[in-house]
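Chemist: To start, I am sharing the structure in question, which I have written as structure tokens.
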Amino acid sequence: MRDPAPALRDHLFDPSGGLTYQLRAFRYRRSLWSAFHATVAGWLGDWQPNARTLVIIGPNAGHALPAGFLERFEQVIALEPDPIARHLLARRPDARRLRFDHLDCLATPDGLAWLAARFSDAAFLFSNVLGQVAAPADSWSALLARHLQERNWASYHDVLSTTRAPDHHAPVRDAASVSLEALIAHFWTQGEITVTDHDTLHLGGGSPCGYAVWPITPARWQLVEWVVNQA
């Protein structure tokens, strides 16, 4: 019988992944991206979910995951549509317990329900993916609250993007219910700024959040939020 769950399809030339992203990572991950990756490493180091299994949604090749992170868990399952990224992720030294699954939990309104049911004992890490993929219904905040409120999950995701470099670069820790306008004013202190809103602010409801800026290219910056849901 065919599995009725939505299935991942290979995306080799996706704008937020695929070959273009791998070329960017090869060029920038040890230079332009290094400060942001250090911030992500700090977030993940502080996150200690009570679970032996981790499911990572959209890890790409794990460029932002610190060395040794995958070995913290007895089993790691990745949901990743980029075949190049899967190949690179599997070659990491800490990927001995890694396997891949074909569930596409972001494509349909019931995708997160499938995620919770298929991996009933796992913690979930959304790896900079929710701000890149539009919610298939309502919003990601509503879908997470509906299907994963009783589960341990964490996410870092794009809140906004802009072509203007920030005036202030230091990350923000443990901010609660801060407005988008206040965040913009914190990082961009000089004059007006044009942004693209990714509709992902405060995905954890009222949970304290962290924020950092990421220069994805020298001409484009992302404001990234970190949030944890502790069941």
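Residues are referred to by chain and number: the chain letter is A, B, ... according to the order shown in the structure tokens, the number counts from 1 in that chain, and ligands are numbered separately from 1 in the order shown.
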What's the 12 Å shell around Leu144 of chain A, counting only C-alpha atoms, without same-chain residues fewer than 2 positions away, as a ChimeraX atom specification?

Modeler: /A:105-106,109-113,115-116,124,126,130,135,137-142,146-155,200,202-205,227-229

Chemist: Restricting the calculation to only C-alpha atoms: of A:Ala51, A:Ala61, A:Val224, A:Leu32, which residue gets closest to Ile184 of chain A?

Modeler: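 Distance minimum relative to Ile184 of chain A lands on A:Val224.
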
Chemist: Counting only C-alpha atoms, figure out which residue out of A:Thr194, A:Ser207, A:Gln22, A:Thr217 gets nearest to Gln230 of chain A.

Modeler: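 Distance minimum relative to Gln230 of chain A lands on A:Ser207.
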
Chemist: What are the DSSP alpha helix (DSSP H) residues of segment 70-195 of chain A, as an NGL selection string?

Modeler: :A and (83-90 or 111-118 or 140-147 or 180-187)

Chemist: For Asp121 of chain A, which residue out of A:Pro215, A:Pro49, A:Gly191, A:Pro171 is the nearest one, using only C-alpha atoms?

Modeler: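 The answer is A:Pro49, which sits nearest to Asp121 of chain A.
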
Chemist: Extract the full set of strand (DSSP E) residues from chain A according to DSSP on the backbone, and format it as a PyMOL selection string.

Modeler: chain A and resi 53-57+75-79+98-100+122-127+153-162+172-175+196-197+209-217+220-229
